[in-house]
Amino acid sequence: MADKKAVLFKLWGVVLHTRPEQVFEMFEETHKLPSGFFWKVVSDEESAMRRAERGKLTVSQMIPEFDAECVKVASSQGLALPSDFSVRGLFNKFGDISDINMPVLQTAASLRQHGILTGVLANQWVDDSGTGDGSACLMSLLANHFDVLLQSCRTGNRVPESDMFTSALQRLGVAPQQSLWLDDSEEGAKAAEGVGMTSLLVTNLPEALNKLAEFTGVQAVTGESLPVACNPEEVSHAYVSIKPGVQLHYVEQGSGFPVLLCHGFPESWYSWRYQIPALAEAGFRVIALDMKGYGESSAPAEIEAYSQEQLCQDLVTFLDKMAIPQVTLVGHDWGGALVWNMAQCHPERVRAVASLNTPLFPVDPSSPPMERIKSIPIFDYQIYFQKPGVAEAELEANLRRTFKLFFFGSGETENRPLLNTAGVCARGGLFVGAPEEVPRSSILSEAALNFYVNQYKDKGFRGPLNWYRNVERNWSWLCSRPRAKLLMPALMVTTGKDQVLLPVFSKGMENMIPKLTRGHIEECGHWTQMEKPTELNKILISWLQETLKLPGVTVGPRL
């Protein structure tokens, strides 16, 4: 126990921007009640709200008693309440404006990554009002971000009572002397100190988080910090059987309208690690696939198993098995090509479509596809990838070197070799001329590097490379399909420093996609999700929320 540290956060006013007194003040102003009216009502320990916080009443039981208490206090003050007065709207306001302090969530994730336990203590009531899922969404979100979530209505104790603190510390197995409490009230701070904890009074959140760093030794999370990353050991994993012997592995987080993430080469579902929590918290059901041939999904040896026609059919089967009639698709690299083909060939299943880096390349029946590839020097690596076994041998020879050469930030041009995709065939290999020892990029943590290595050490690169080996087959299939405009909402995100999928390749897409929205990140290379996750998340979330605000579409609360 002595070696463990814990940080506990108060819900109202710390984890959430909102404090109950703010809601009370708003309601008092609306109903022209004197300041402090509601605090007078709830200050009695036997008030309906206090009893609800202790779990003795549900919300539906509390509201009529609270109404009666308001009438009694108003009468004692010579006030006349409207005949239709009810505090029901007051408690609806708690759900409406209870917005999360995102730096607190990011800080909690960072603390947990450094082995420090976290918890939230909440004065909360059992919500049986049937007015929505706001409370449930909030509690579910917090339970996924903190090691313990203690609600007063489940324990019978309230913050700042000492039993609330000791109960949380016992669950975490941490001594009070090794624990820090963040509270926006002096009463709560002193109560935590009374049980032996260190307390931090939160009057300015950024300053408080900096002081927290002094206690924990973990650097404070700021607006410049990376978004919360998905932990492979904590996210929900599952498998869908596509046909006998072939299954797709995926991870899932969040609730709301489904958003399916499709990665590219040579990646994994884990390449979306910074997007999964952010999109889930924005109110979407996020599903990130290990694409066929990758990670824990099946990797058949047959080249034709990776044709775009077959891969699209696999996605349709996946959606059928998941009982998802329509989905929003987001793809990167080869995943981008796949989602464009899904939108063209299975438009009834695609609510909206987004691609990172990969534009929609219109098929040209008059131009043989291999000739087109050969005409673009930076696509020479694709020619090199054609012969089975050749690229596999090079890429599998030293997996750590392979991923350190592939994954690098666009600003890291000094002290590391650039991956030149032109002249690969003439050189005799993609990595020919690169040093054996390669520095790891700042966009690739040691933990992430180890994850990718472990994902490829058994199955290797045969499946991923087979995506490149269906050029003629893909062209023939797409030529046989109707070439109509894409009428669903679409997003194209380009990056200024991608050396292969150049922004200019996306010129003229509006001619094929009338509802195209564009996003651009200038100082970013090919690995958009990893290099500029904050900027990308803003683009994706803004577009998704605007696109999916339609009747009948369930979008969770904006937390």
# chains A, B, ... in the order shown; residues from 1 in each chain; ligands from 1
$ residues_around --residues "Glu437 in chain A" --least-positions-apart "4" --cutoff "10 Å" --atoms "only C-alpha atoms" --output "ChimeraX atom specification"
/A:400-401,404-405,416
$ write_last_selection --atoms "N, CA, C and O atoms" --output "compact mmCIF listing (two decimals), in the first residue's frame"
# COMPACT_ATOMS: atom_id res chain seq x y z
N ARG A 400 11.30 -4.14 -35.66
CA ARG A 400 11.48 -2.85 -34.97
C ARG A 400 12.03 -1.81 -35.95
O ARG A 400 11.56 -0.66 -35.97
N ARG A 401 12.99 -2.18 -36.76
CA ARG A 401 13.56 -1.25 -37.75
C ARG A 401 12.49 -0.87 -38.78
O ARG A 401 12.38 0.30 -39.17
N LYS A 404 10.08 1.66 -37.28
CA LYS A 404 10.75 2.94 -37.03
C LYS A 404 11.03 3.67 -38.34
O LYS A 404 11.04 4.90 -38.38
N LEU A 405 11.22 2.94 -39.42
CA LEU A 405 11.40 3.57 -40.73
C LEU A 405 10.07 4.06 -41.30
O LEU A 405 10.01 5.13 -41.92
N ARG A 416 17.52 11.46 -39.22
CA ARG A 416 16.85 10.20 -39.51
C ARG A 416 16.70 10.07 -41.02
O ARG A 416 16.54 11.08 -41.74
$ residues_around --residues "range 516-526 of chain A" --least-positions-apart "5" --cutoff "9 Å" --atoms "only C-alpha atoms" --output "JSON, numbers by chain"
{"A": [333, 356, 357, 407, 408, 409, 410, 411, 488, 489, 490, 491, 492, 493, 494, 495, 496, 497, 498, 499, 500, 501, 503, 509, 510, 531, 532, 535, 536, 539, 540, 543]}
$ write_last_selection --atoms "N, CA, C and O atoms" --output "short mmCIF file (atom, residue, chain, number, x, y, z; two decimals), in the first residue's frame"
data_model
loop_
_atom_site.label_atom_id
_atom_site.label_comp_id
_atom_site.auth_asym_id
_atom_site.auth_seq_id
_atom_site.Cartn_x
_atom_site.Cartn_y
_atom_site.Cartn_z
N ASP A 333 -5.39 5.84 -45.74
CA ASP A 333 -4.51 5.08 -46.62
C ASP A 333 -5.35 4.03 -47.37
O ASP A 333 -6.35 4.37 -47.98
N LEU A 356 -8.92 10.03 -44.87
CA LEU A 356 -7.72 10.77 -44.50
C LEU A 356 -6.63 10.46 -45.51
O LEU A 356 -6.30 9.29 -45.72
N ASN A 357 -6.13 11.48 -46.16
CA ASN A 357 -4.99 11.40 -47.08
C ASN A 357 -5.33 10.79 -48.43
O ASN A 357 -4.83 11.23 -49.47
N PHE A 407 7.07 4.84 -39.54
CA PHE A 407 6.33 5.82 -38.76
C PHE A 407 7.24 6.95 -38.30
O PHE A 407 8.05 6.78 -37.40
N PHE A 408 7.09 8.11 -38.91
CA PHE A 408 7.87 9.27 -38.50
C PHE A 408 7.07 10.53 -38.75
O PHE A 408 6.15 10.57 -39.60
N GLY A 409 7.36 11.56 -37.99
CA GLY A 409 6.68 12.84 -38.14
C GLY A 409 7.25 13.66 -39.28
O GLY A 409 8.44 13.55 -39.61
N SER A 410 6.41 14.50 -39.86
CA SER A 410 6.84 15.27 -41.03
C SER A 410 7.93 16.28 -40.70
O SER A 410 8.69 16.69 -41.58
N GLY A 411 8.05 16.68 -39.44
CA GLY A 411 9.07 17.65 -39.07
C GLY A 411 10.39 17.04 -38.68
O GLY A 411 11.35 17.75 -38.36
N MET A 488 -24.00 10.97 -50.61
CA MET A 488 -23.99 11.10 -49.16
C MET A 488 -22.97 12.15 -48.73
O MET A 488 -22.07 12.51 -49.50
N PRO A 489 -23.09 12.69 -47.52
CA PRO A 489 -22.08 13.63 -47.02
C PRO A 489 -20.71 12.96 -46.98
O PRO A 489 -20.59 11.77 -46.65
N ALA A 490 -19.67 13.72 -47.32
CA ALA A 490 -18.33 13.17 -47.37
C ALA A 490 -17.32 14.20 -46.85
O ALA A 490 -17.55 15.40 -46.90
N LEU A 491 -16.22 13.67 -46.34
CA LEU A 491 -15.14 14.52 -45.83
C LEU A 491 -13.82 14.04 -46.41
O LEU A 491 -13.53 12.84 -46.40
N MET A 492 -13.03 14.96 -46.93
CA MET A 492 -11.69 14.65 -47.42
C MET A 492 -10.69 15.47 -46.62
O MET A 492 -10.73 16.70 -46.64
N VAL A 493 -9.80 14.77 -45.89
CA VAL A 493 -8.77 15.44 -45.09
C VAL A 493 -7.43 15.24 -45.77
O VAL A 493 -6.97 14.10 -45.94
N THR A 494 -6.81 16.31 -46.19
CA THR A 494 -5.49 16.26 -46.81
C THR A 494 -4.45 16.80 -45.84
O THR A 494 -4.77 17.53 -44.89
N THR A 495 -3.19 16.44 -46.08
CA THR A 495 -2.09 16.94 -45.26
C THR A 495 -0.99 17.49 -46.15
O THR A 495 -0.71 16.93 -47.22
N GLY A 496 -0.38 18.56 -45.69
CA GLY A 496 0.56 19.28 -46.54
C GLY A 496 1.89 18.61 -46.75
O GLY A 496 2.60 18.92 -47.71
N LYS A 497 2.26 17.66 -45.86
CA LYS A 497 3.59 17.06 -45.93
C LYS A 497 3.57 15.57 -46.28
O LYS A 497 4.59 14.90 -46.12
N ASP A 498 2.43 15.06 -46.73
CA ASP A 498 2.39 13.67 -47.18
C ASP A 498 3.16 13.57 -48.49
O ASP A 498 2.83 14.23 -49.47
N GLN A 499 4.18 12.73 -48.50
CA GLN A 499 5.06 12.63 -49.66
C GLN A 499 4.56 11.64 -50.71
O GLN A 499 5.16 11.53 -51.79
N VAL A 500 3.48 10.93 -50.42
CA VAL A 500 2.95 9.94 -51.37
C VAL A 500 1.54 10.32 -51.81
O VAL A 500 1.25 10.45 -53.01
N LEU A 501 0.64 10.49 -50.88
CA LEU A 501 -0.73 10.89 -51.21
C LEU A 501 -0.81 12.41 -51.16
O LEU A 501 -1.22 13.01 -50.16
N PRO A 503 -1.81 16.29 -51.67
CA PRO A 503 -3.10 16.99 -51.69
C PRO A 503 -3.62 17.27 -53.09
O PRO A 503 -4.83 17.26 -53.31
N MET A 509 -12.45 16.59 -56.74
CA MET A 509 -13.35 15.60 -56.12
C MET A 509 -14.78 16.13 -56.00
O MET A 509 -15.73 15.33 -55.99
N GLU A 510 -14.93 17.44 -55.90
CA GLU A 510 -16.28 18.02 -55.80
C GLU A 510 -17.14 17.67 -57.01
O GLU A 510 -18.38 17.64 -56.90
N GLU A 531 0.32 11.76 -35.89
CA GLU A 531 1.13 12.98 -35.87
C GLU A 531 0.35 14.19 -35.39
O GLU A 531 0.87 15.01 -34.63
N LYS A 532 -0.88 14.34 -35.83
CA LYS A 532 -1.68 15.50 -35.45
C LYS A 532 -3.06 15.06 -34.94
O LYS A 532 -4.10 15.43 -35.48
N GLU A 535 -5.64 18.01 -33.88
CA GLU A 535 -6.22 18.72 -35.02
C GLU A 535 -7.18 17.83 -35.79
O GLU A 535 -8.27 18.26 -36.20
N LEU A 536 -6.80 16.57 -35.97
CA LEU A 536 -7.68 15.64 -36.70
C LEU A 536 -8.98 15.41 -35.94
O LEU A 536 -10.06 15.40 -36.54
N ILE A 539 -11.43 18.16 -36.48
CA ILE A 539 -12.04 18.12 -37.82
C ILE A 539 -13.11 17.02 -37.87
O ILE A 539 -14.24 17.25 -38.35
N LEU A 540 -12.77 15.82 -37.41
CA LEU A 540 -13.70 14.70 -37.48
C LEU A 540 -14.95 14.94 -36.65
O LEU A 540 -16.08 14.73 -37.10
N TRP A 543 -17.26 17.63 -38.09
CA TRP A 543 -17.97 17.14 -39.28
C TRP A 543 -19.02 16.10 -38.91
O TRP A 543 -20.16 16.14 -39.40
#
$ closest_residue --among "A:Leu105, A:Glu446, A:Lys32, A:Gln219" --to "Ala278 in chain A" --atoms "only C-alpha atoms"
A:Leu105
$ select_by_dssp --residues "range 196-302 of chain A" --states "helix (DSSP H, G or I)" --output "JSON, numbers by chain"
{"A": [205, 206, 207, 208, 209, 210, 211, 212, 213, 214, 215, 216, 269, 270, 271, 272, 275, 276, 277, 278, 279, 280, 281]}
$ select_by_dssp --residues "range 252-328 of chain A" --states "strand (DSSP E or B)" --output "JSON, numbers by chain"
{"A": [252, 253, 257, 258, 259, 260, 261, 262, 284, 285, 286, 287, 288, 289, 327, 328]}
$ closest_residue --among "A:Arg483, A:Trp475, A:Arg54, A:Asn415" --to "Ala343 in chain A" --atoms "only C-alpha atoms"
A:Arg483
